[in-house]
file start03.cif (mmCIF, C-alpha atoms)
data_input
#
loop_
_atom_site.label_atom_id
_atom_site.label_comp_id
_atom_site.auth_asym_id
_atom_site.auth_seq_id
_atom_site.Cartn_x
_atom_site.Cartn_y
_atom_site.Cartn_z
CA MET T 1 -146.29 -179.26 -42.17
CA ALA T 2 -145.60 -177.87 -38.72
CA ILE T 3 -142.40 -179.36 -37.26
CA ILE T 4 -140.80 -178.67 -33.91
CA HIS T 5 -137.29 -179.67 -32.87
CA ILE T 6 -136.58 -179.71 -29.15
CA GLN T 7 -133.22 -180.30 -27.50
CA ALA T 8 -132.75 -180.94 -23.80
CA PRO T 9 -129.82 -179.19 -22.10
CA GLU T 10 -128.40 -182.40 -20.65
CA PRO T 11 -127.55 -185.60 -22.55
CA PRO T 12 -128.17 -188.31 -19.91
CA TRP T 13 -130.53 -191.06 -21.05
CA GLU T 14 -133.17 -190.32 -18.39
CA THR T 15 -133.47 -186.72 -19.61
CA TRP T 16 -134.04 -187.88 -23.17
CA GLU T 17 -136.74 -190.35 -22.13
CA THR T 18 -138.50 -187.55 -20.23
CA LEU T 19 -138.43 -185.36 -23.34
CA LEU T 20 -139.91 -188.12 -25.51
CA GLN T 21 -142.63 -188.78 -22.94
CA VAL T 22 -143.70 -185.12 -22.89
CA LEU T 23 -143.76 -184.94 -26.70
CA GLY T 24 -145.74 -188.20 -26.86
CA GLU T 25 -148.53 -186.48 -24.91
CA ILE T 26 -148.75 -183.84 -27.65
CA THR T 27 -148.44 -185.88 -30.86
CA PRO T 28 -147.81 -189.51 -31.81
CA VAL T 29 -145.47 -188.47 -34.65
CA VAL T 30 -142.21 -188.19 -32.69
CA GLU T 31 -138.77 -189.08 -34.03
CA ALA T 32 -136.10 -189.71 -31.42
CA ILE T 33 -132.69 -188.13 -32.16
CA PRO T 34 -129.95 -189.44 -29.84
CA PRO T 35 -128.66 -188.43 -27.41
CA ASN T 36 -130.94 -185.62 -26.20
CA ALA T 37 -133.20 -184.28 -28.98
CA ALA T 38 -136.35 -185.12 -30.90
CA LEU T 39 -138.43 -184.03 -33.90
CA ALA T 40 -142.22 -183.88 -33.71
CA ASP T 41 -144.80 -183.25 -36.44
CA VAL T 42 -147.57 -181.27 -34.73
CA SER T 43 -149.66 -180.65 -37.84
CA GLY T 44 -152.44 -182.86 -36.47
CA SER T 45 -152.21 -181.36 -32.98
CA VAL T 46 -152.88 -177.77 -34.05
CA ARG T 47 -156.63 -178.29 -34.35
CA TYR T 48 -156.85 -180.48 -31.25
CA PHE T 49 -155.15 -177.91 -29.00
CA ASP T 50 -156.72 -174.99 -30.90
CA CYS T 51 -153.39 -173.15 -31.22
CA ASP T 52 -150.58 -172.81 -33.73
CA ALA T 53 -147.25 -174.67 -33.80
CA VAL T 54 -145.38 -171.92 -31.94
CA GLU T 55 -147.83 -172.05 -29.04
CA ILE T 56 -147.52 -175.85 -28.93
CA ALA T 57 -143.73 -175.50 -28.81
CA ARG T 58 -144.06 -173.07 -25.90
CA LEU T 59 -146.38 -175.53 -24.17
CA VAL T 60 -143.79 -178.32 -24.48
CA ARG T 61 -141.03 -176.05 -23.19
CA VAL T 62 -143.13 -174.90 -20.20
CA ARG T 63 -144.02 -178.50 -19.30
CA MET T 64 -140.38 -179.57 -19.41
CA LEU T 65 -139.38 -176.60 -17.26
CA ALA T 66 -142.25 -176.80 -14.74
CA LEU T 67 -142.34 -180.59 -14.27
CA TYR T 68 -138.66 -181.53 -14.66
CA GLY T 69 -136.66 -178.31 -14.34
CA LEU T 70 -135.20 -178.66 -17.85
CA ASP T 71 -134.98 -175.49 -19.96
CA CYS T 72 -134.94 -176.64 -23.58
CA ALA T 73 -134.12 -174.96 -26.88
CA VAL T 74 -136.99 -175.32 -29.37
CA GLY T 75 -137.13 -174.68 -33.10
CA VAL T 76 -140.34 -174.37 -35.14
CA ALA T 77 -140.31 -174.56 -38.94
CA PRO T 78 -142.22 -175.92 -41.93
CA ASN T 79 -139.85 -178.89 -42.45
CA PRO T 80 -137.46 -181.06 -40.39
CA MET T 81 -134.23 -179.53 -41.70
CA LEU T 82 -135.21 -175.97 -40.83
CA ALA T 83 -136.60 -177.05 -37.45
CA ARG T 84 -133.28 -178.72 -36.59
CA MET T 85 -131.30 -175.64 -37.59
CA ALA T 86 -133.62 -173.31 -35.68
CA GLY T 87 -133.36 -175.48 -32.58
CA HIS T 88 -129.57 -175.74 -32.76
CA HIS T 89 -129.00 -172.05 -33.34
CA GLY T 90 -131.45 -170.82 -30.73
CA PRO T 91 -130.36 -170.11 -27.16
CA PRO T 92 -131.49 -172.50 -24.40
CA GLY T 93 -134.86 -171.56 -23.00
CA ALA T 94 -136.11 -169.99 -26.22
CA VAL T 95 -138.58 -170.88 -28.94
CA ARG T 96 -137.23 -169.85 -32.33
CA CYS T 97 -139.65 -169.84 -35.27
CA ILE T 98 -138.87 -169.71 -39.00
CA PRO T 99 -141.89 -168.31 -40.89
CA ASP T 100 -143.30 -170.49 -43.67
CA THR T 101 -142.63 -167.85 -46.32
CA PRO T 102 -139.86 -167.52 -48.91
CA GLN T 103 -138.72 -164.27 -47.27
CA GLY T 104 -138.66 -165.80 -43.78
CA ILE T 105 -136.72 -168.88 -44.90
CA SER T 106 -134.16 -166.96 -46.95
CA GLY T 107 -133.74 -164.38 -44.17
CA PHE T 108 -132.84 -167.17 -41.74
CA LEU T 109 -130.58 -169.18 -44.06
CA ASN T 110 -128.76 -166.74 -46.31
CA PRO T 111 -126.44 -165.02 -43.78
CA LYS T 112 -125.23 -168.29 -42.26
CA PRO T 113 -121.95 -170.01 -43.29
CA VAL T 114 -122.41 -172.94 -45.60
CA ALA T 115 -120.83 -175.30 -43.03
CA VAL T 116 -123.94 -175.11 -40.80
CA LEU T 117 -126.32 -176.19 -43.57
CA TYR T 118 -127.81 -179.51 -42.52
CA GLY T 119 -126.34 -182.35 -44.62
CA VAL T 120 -123.18 -180.45 -45.60
CA GLY T 121 -120.12 -182.08 -44.07
CA PRO T 122 -116.66 -180.56 -43.57
CA LYS T 123 -115.35 -181.89 -46.89
CA THR T 124 -118.27 -180.53 -48.92
CA ALA T 125 -118.08 -177.18 -47.11
CA ARG T 126 -114.35 -176.94 -47.83
CA VAL T 127 -114.91 -177.55 -51.56
CA LEU T 128 -117.66 -174.92 -51.72
CA CYS T 129 -115.50 -172.37 -49.91
CA GLU T 130 -112.70 -172.95 -52.43
CA TYR T 131 -115.13 -171.68 -55.09
CA GLY T 132 -116.12 -168.68 -52.98
CA LEU T 133 -119.44 -170.16 -51.92
CA ASP T 134 -118.90 -169.62 -48.22
CA SER T 135 -122.46 -168.63 -47.25
CA ILE T 136 -125.80 -170.37 -47.74
CA GLY T 137 -127.10 -167.32 -49.61
CA LYS T 138 -124.33 -167.57 -52.21
CA VAL T 139 -125.02 -171.29 -52.66
CA ALA T 140 -128.75 -170.58 -53.09
CA GLU T 141 -127.98 -168.09 -55.86
CA THR T 142 -125.78 -170.59 -57.71
CA SER T 143 -127.44 -172.69 -60.39
CA GLU T 144 -128.06 -176.37 -59.75
CA ALA T 145 -125.99 -177.33 -62.80
CA THR T 146 -122.96 -175.47 -61.44
CA LEU T 147 -123.26 -177.15 -58.04
CA GLN T 148 -123.56 -180.55 -59.71
CA ARG T 149 -120.33 -179.93 -61.64
CA ILE T 150 -118.59 -178.99 -58.38
CA LEU T 151 -120.03 -181.64 -56.06
CA GLY T 152 -121.46 -184.33 -58.30
CA ALA T 153 -125.02 -184.87 -59.49
CA LYS T 154 -126.66 -186.20 -56.31
CA THR T 155 -124.86 -184.00 -53.77
CA GLY T 156 -125.15 -180.90 -55.92
CA ARG T 157 -128.91 -181.31 -56.29
CA LEU T 158 -129.33 -181.93 -52.54
CA VAL T 159 -127.23 -178.91 -51.52
CA HIS T 160 -129.06 -176.69 -54.03
CA GLU T 161 -132.44 -177.66 -52.57
CA ARG T 162 -131.43 -177.32 -48.94
CA ALA T 163 -129.78 -173.94 -49.48
CA ARG T 164 -133.22 -172.77 -50.60
CA GLY T 165 -134.88 -174.29 -47.55
CA ILE T 166 -136.32 -177.33 -49.34
CA ASP T 167 -136.34 -180.59 -47.37
CA ARG T 168 -138.23 -183.58 -48.75
CA THR T 169 -137.79 -185.78 -45.67
CA ARG T 170 -140.58 -186.48 -43.19
CA VAL T 171 -140.68 -187.07 -39.46
CA VAL T 172 -140.56 -190.83 -39.06
CA PRO T 173 -141.94 -191.89 -35.68
CA HIS T 174 -139.86 -194.48 -33.88
CA ALA T 175 -138.89 -195.29 -30.33
CA PRO T 176 -135.38 -194.58 -29.07
CA PRO T 177 -132.91 -197.40 -29.66
CA LYS T 178 -132.37 -199.79 -26.79
CA SER T 179 -129.37 -199.07 -24.62
CA THR T 180 -127.72 -199.85 -21.32
CA SER T 181 -125.59 -197.47 -19.32
CA ALA T 182 -123.34 -197.09 -16.29
CA GLU T 183 -122.22 -193.98 -14.44
CA LEU T 184 -119.58 -193.12 -11.87
CA ARG T 185 -119.53 -189.92 -9.78
CA PHE T 186 -116.21 -188.97 -8.24
CA ASP T 187 -115.93 -187.99 -4.59
CA ARG T 188 -113.98 -184.91 -5.66
CA HIS T 189 -113.23 -182.95 -8.84
CA GLU T 190 -111.01 -185.41 -10.69
CA VAL T 191 -108.18 -183.92 -12.79
CA ASP T 192 -106.02 -187.05 -13.12
CA GLY T 193 -106.48 -188.62 -16.56
CA SER T 194 -105.21 -192.02 -15.43
CA VAL T 195 -107.87 -192.17 -12.73
CA ARG T 196 -110.56 -191.33 -15.26
CA ARG T 197 -109.28 -194.02 -17.63
CA GLY T 198 -109.43 -196.56 -14.80
CA ALA T 199 -112.99 -195.48 -14.05
CA LEU T 200 -113.93 -196.00 -17.69
CA LEU T 201 -112.49 -199.50 -17.55
CA GLY T 202 -114.72 -200.28 -14.59
CA LEU T 203 -117.77 -198.89 -16.39
CA ALA T 204 -116.95 -200.96 -19.50
CA VAL T 205 -116.69 -204.09 -17.33
CA ASP T 206 -120.15 -203.41 -15.86
CA ILE T 207 -121.72 -202.74 -19.26
CA GLY T 208 -120.08 -205.78 -20.87
CA ARG T 209 -121.38 -208.07 -18.13
CA GLN T 210 -124.89 -206.61 -18.44
CA LEU T 211 -124.90 -207.04 -22.23
CA ARG T 212 -123.74 -210.65 -22.01
CA ALA T 213 -126.27 -211.42 -19.28
CA ASP T 214 -129.06 -210.07 -21.51
CA GLY T 215 -127.74 -211.81 -24.63
CA GLN T 216 -127.22 -208.52 -26.45
CA VAL T 217 -124.46 -206.70 -28.31
CA ALA T 218 -123.92 -202.99 -28.92
CA ARG T 219 -123.23 -201.20 -32.19
CA ALA T 220 -122.11 -197.88 -30.68
CA LEU T 221 -120.74 -196.40 -27.47
CA THR T 222 -121.43 -192.95 -26.02
CA LEU T 223 -119.27 -191.20 -23.42
CA THR T 224 -120.59 -188.25 -21.41
CA VAL T 225 -118.18 -186.21 -19.26
CA HIS T 226 -119.65 -184.02 -16.50
CA TYR T 227 -117.60 -181.01 -15.36
CA ALA T 228 -117.47 -178.97 -12.15
CA ASP T 229 -119.19 -176.00 -13.85
CA ARG T 230 -122.17 -178.30 -14.62
CA SER T 231 -121.44 -178.40 -18.34
CA THR T 232 -121.09 -181.70 -20.20
CA THR T 233 -119.38 -183.12 -23.27
CA THR T 234 -120.86 -186.06 -25.16
CA ARG T 235 -119.14 -188.11 -27.85
CA THR T 236 -120.39 -191.20 -29.70
CA ARG T 237 -118.39 -193.70 -31.72
CA ALA T 238 -119.60 -196.65 -33.79
CA LEU T 239 -117.99 -199.95 -32.86
CA PRO T 240 -116.15 -201.93 -35.56
CA GLU T 241 -118.77 -204.68 -35.19
CA PRO T 242 -121.63 -205.43 -32.78
CA THR T 243 -119.98 -206.66 -29.60
CA ALA T 244 -120.26 -207.22 -25.86
CA HIS T 245 -116.54 -207.95 -25.48
CA THR T 246 -115.21 -205.91 -22.54
CA PRO T 247 -111.73 -205.07 -23.98
CA VAL T 248 -113.34 -203.59 -27.12
CA LEU T 249 -115.80 -201.55 -25.05
CA ALA T 250 -113.04 -200.35 -22.72
CA GLY T 251 -110.67 -199.48 -25.57
CA THR T 252 -113.37 -197.48 -27.37
CA ALA T 253 -114.38 -195.64 -24.19
CA GLN T 254 -110.79 -194.70 -23.40
CA ALA T 255 -110.19 -193.62 -27.00
CA LEU T 256 -113.22 -191.31 -26.77
CA HIS T 257 -111.83 -189.89 -23.52
CA ASP T 258 -108.31 -189.36 -24.90
CA ALA T 259 -109.67 -187.65 -28.02
CA LEU T 260 -111.19 -184.90 -25.84
CA GLY T 261 -107.75 -183.76 -24.64
CA LEU T 262 -109.12 -182.74 -21.25
CA GLN T 263 -105.73 -182.09 -19.61
CA ARG T 264 -106.54 -180.36 -16.27
CA ALA T 265 -110.33 -180.34 -16.63
CA ARG T 266 -112.21 -180.81 -13.36
CA VAL T 267 -114.44 -183.81 -13.97
CA THR T 268 -117.22 -184.73 -11.54
CA ALA T 269 -118.72 -187.78 -13.26
CA LEU T 270 -118.40 -190.11 -16.24
CA SER T 271 -121.31 -191.82 -18.02
CA LEU T 272 -120.90 -194.63 -20.52
CA ARG T 273 -123.80 -195.89 -22.61
CA ALA T 274 -123.91 -198.85 -25.03
CA GLU T 275 -126.34 -197.97 -27.80
CA ASP T 276 -128.21 -199.50 -30.72
CA LEU T 277 -128.45 -202.91 -29.05
CA THR T 278 -129.35 -206.06 -30.91
CA THR T 279 -129.67 -209.74 -30.05
CA ALA T 280 -126.26 -211.41 -29.88
CA ARG T 281 -127.35 -214.58 -31.68
CA LEU T 282 -128.59 -212.55 -34.66
CA SER T 283 -125.37 -210.57 -35.11
CA GLY T 284 -122.34 -211.62 -37.11
CA GLN T 285 -118.78 -211.66 -35.82
CA GLN T 286 -115.58 -211.23 -37.78
CA LEU T 287 -113.42 -214.34 -37.71
CA THR T 288 -110.00 -213.87 -36.16
CA PHE T 289 -106.87 -215.96 -35.83
CA ASP T 290 -105.81 -214.10 -32.69
CA ARG T 291 -105.65 -216.90 -30.12
CA GLN T 292 -105.47 -214.47 -27.20
CA THR T 293 -108.66 -212.66 -28.25
CA GLU T 294 -110.55 -215.91 -28.81
CA SER T 295 -109.44 -217.23 -25.43
CA ALA T 296 -110.58 -214.03 -23.71
CA ARG T 297 -114.00 -214.27 -25.36
CA ARG T 298 -114.44 -217.87 -24.26
CA LEU T 299 -113.31 -217.00 -20.74
CA GLU T 300 -115.70 -214.07 -20.29
CA PRO T 301 -118.87 -216.15 -19.62
CA VAL T 302 -116.99 -218.09 -16.93
CA LEU T 303 -115.81 -214.90 -15.24
CA ASP T 304 -119.34 -213.48 -15.45
CA ARG T 305 -120.73 -216.46 -13.55
CA ILE T 306 -118.03 -216.13 -10.88
CA ALA T 307 -118.68 -212.38 -10.54
CA ALA T 308 -122.43 -212.99 -10.26
CA ARG T 309 -121.94 -215.49 -7.44
CA TRP T 310 -119.08 -213.69 -5.63
CA PRO T 311 -119.28 -209.97 -6.49
CA GLY T 312 -115.92 -208.24 -6.60
CA SER T 313 -113.95 -211.48 -6.66
CA VAL T 314 -112.79 -211.19 -10.29
CA GLY T 315 -112.00 -208.32 -12.64
CA PRO T 316 -109.18 -206.47 -14.36
CA ALA T 317 -105.99 -206.35 -12.32
CA THR T 318 -105.72 -202.57 -12.70
CA LEU T 319 -108.97 -202.17 -10.76
CA ALA T 320 -107.77 -204.27 -7.82
CA HIS T 321 -107.09 -202.41 -4.59
CA PRO T 322 -104.42 -203.53 -2.10
#
call {"tool": "encode", "arguments": {"input": "start03.cif", "output": "structure tokens"}}
result
Amino acid sequence: MAIIHIQAPEPPWETWETLLQVLGEITPVVEAIPPNAALADVSGSVRYFDCDAVEIARLVRVRMLALYGLDCAVGVAPNPMLARMAGHHGPPGAVRCIPDTPQGISGFLNPKPVAVLYGVGPKTARVLCEYGLDSIGKVAETSEATLQRILGAKTGRLVHERARGIDRTRVVPHAPPKSTSAELRFDRHEVDGSVRRGALLGLAVDIGRQLRADGQVARALTLTVHYADRSTTTRTRALPEPTAHTPVLAGTAQALHDALGLQRARVTALSLRAEDLTTARLSGQQLTFDRQTESARRLEPVLDRIAARWPGSVGPATLAHP
């Protein structure tokens, strides 16, 4: 196989759609990876374009840069796991290739800490480090039986294979999940956390109304914070259940914001995106005996109709201006 992993420098939804469109012109085997990356199997494109996978990766990068001004980090490898790692550990604007040879794969993997091995979470990495297996090379030299005694049969076998550069997964082509988003750009560099929290409430109100108007619910929420130095931070959190209920969306968005601990960060914009949408009538809802919550859910459609007819007439009291 010839796999490329490409990651755009900015996480907004429009950037990701642009990336997928460019890759779709190269190969139909494209797997979308939210919020701003994708995997592509270019094995069938090598003969068509009469060039190798590295040259195809450079072609994709040049197209993104020339047409859209986006300088992407690209990884090229014989399997999806190595392509992801090459893409993540390469600098922006570079094409990093892992040769399809045992020496090339081990030379890339062995010096790295075990925590960066794809599929190894913090807990598994901590256990391995307690046994002195703090690098991928040390894990690769350890027998599979030993790793299974440490981590369990399934996890031990998986870690043993991946430490040697073996990945049995394939690129599964699928379109990006449906989403809806809202964004607010501040007139100045905003350092007041309470103002940002109020802005997130307004964005959650807009998204909730859009979801209910479309008859959809979201399974996850993504917050993107844009800073004055043009950098961004993106965090995603799964919702307890599929929902379009504004208080749940607002509470999740504000929890994501508070978890960043921004303090005096100069924020220029906030983006909120409801992801993994599904039809509301096909989703289940946890029963509750909270009369206040049930009343708010029944009241929301009424408020939506009022807001649609008289924009700005109803909304949370904290967003009202004297």
call {"tool": "residues_around", "arguments": {"input": "start03.cif", "residues": "T:Glu190", "least_positions_apart": "5", "cutoff": "10 Å", "atoms": "all atoms listed in the file", "output": "ChimeraX atom specification"}}
result
/T:185,195-196,227-228,264-269
call {"tool": "resolve_selection", "arguments": {"input": "start03.cif", "expression": "the PyMOL selection byres ((chain T and resi 158-173) around 7)", "output": "number ranges by chain"}}
result
T: 29-31, 39-41, 79-82, 105-106, 136, 139-140, 144, 154-157, 174
call {"tool": "atom_distance", "arguments": {"input": "start03.cif", "atom1": "atom CA of T:Arg84", "atom2": "atom CA of T:Lys138"}}
result
21.2 Å
call {"tool": "closest_residue", "arguments": {"input": "start03.cif", "among": "T:Asp192, T:Thr124, T:Tyr118, T:Ala2", "to": "T:Val46", "atoms": "all atoms listed in the file"}}
result
T:Ala2
call {"tool": "closest_residue", "arguments": {"input": "start03.cif", "among": "T:Arg58, T:His245, T:Arg126, T:Arg305", "to": "T:Gly208", "atoms": "all atoms listed in the file"}}
result
T:His245
call {"tool": "residues_around", "arguments": {"input": "start03.cif", "residues": "stretch 258-260 of chain T", "least_positions_apart": "5", "cutoff": "10 Å", "atoms": "all atoms listed in the file", "output": "mmCIF file with C-alpha atoms, in the coordinates of the input"}}
result
data_model
loop_
_atom_site.group_PDB
_atom_site.id
_atom_site.type_symbol
_atom_site.label_atom_id
_atom_site.label_comp_id
_atom_site.auth_asym_id
_atom_site.auth_seq_id
_atom_site.Cartn_x
_atom_site.Cartn_y
_atom_site.Cartn_z
ATOM 1 C CA GLY T 193 -106.480 -188.620 -16.560
ATOM 2 C CA ARG T 197 -109.280 -194.020 -17.630
ATOM 3 C CA VAL T 225 -118.180 -186.210 -19.260
ATOM 4 C CA THR T 233 -119.380 -183.120 -23.270
ATOM 5 C CA THR T 234 -120.860 -186.060 -25.160
ATOM 6 C CA ARG T 235 -119.140 -188.110 -27.850
ATOM 7 C CA THR T 252 -113.370 -197.480 -27.370
ATOM 8 C CA ALA T 253 -114.380 -195.640 -24.190
#
call {"tool": "closest_residue", "arguments": {"input": "start03.cif", "among": "T:Ala213, T:Ala274, T:Ala153, T:Val22", "to": "T:Thr180", "atoms": "all atoms listed in the file"}}
result
T:Ala274
call {"tool": "residues_around", "arguments": {"input": "start03.cif", "residues": "T:Val60", "least_positions_apart": "2", "cutoff": "9 Å", "atoms": "all atoms listed in the file", "output": "list of chain:residue names"}}
result
T:Ile6, T:Leu19, T:Val22, T:Leu23, T:Ile26, T:Glu55, T:Ile56, T:Ala57, T:Arg58, T:Val62, T:Arg63, T:Met64, T:Leu65, T:Val74
call {"tool": "write_last_selection", "arguments": {"input": "start03.cif", "atoms": "C-alpha atoms", "output": "PDB file, in the coordinates of the input"}}
result
ATOM      1  CA  ILE T   6    -136.580-179.710 -29.150  1.00  0.00           C
ATOM      2  CA  LEU T  19    -138.430-185.360 -23.340  1.00  0.00           C
ATOM      3  CA  VAL T  22    -143.700-185.120 -22.890  1.00  0.00           C
ATOM      4  CA  LEU T  23    -143.760-184.940 -26.700  1.00  0.00           C
ATOM      5  CA  ILE T  26    -148.750-183.840 -27.650  1.00  0.00           C
ATOM      6  CA  GLU T  55    -147.830-172.050 -29.040  1.00  0.00           C
ATOM      7  CA  ILE T  56    -147.520-175.850 -28.930  1.00  0.00           C
ATOM      8  CA  ALA T  57    -143.730-175.500 -28.810  1.00  0.00           C
ATOM      9  CA  ARG T  58    -144.060-173.070 -25.900  1.00  0.00           C
ATOM     10  CA  VAL T  62    -143.130-174.900 -20.200  1.00  0.00           C
ATOM     11  CA  ARG T  63    -144.020-178.500 -19.300  1.00  0.00           C
ATOM     12  CA  MET T  64    -140.380-179.570 -19.410  1.00  0.00           C
ATOM     13  CA  LEU T  65    -139.380-176.600 -17.260  1.00  0.00           C
ATOM     14  CA  VAL T  74    -136.990-175.320 -29.370  1.00  0.00           C
TER      15      VAL T  74
END
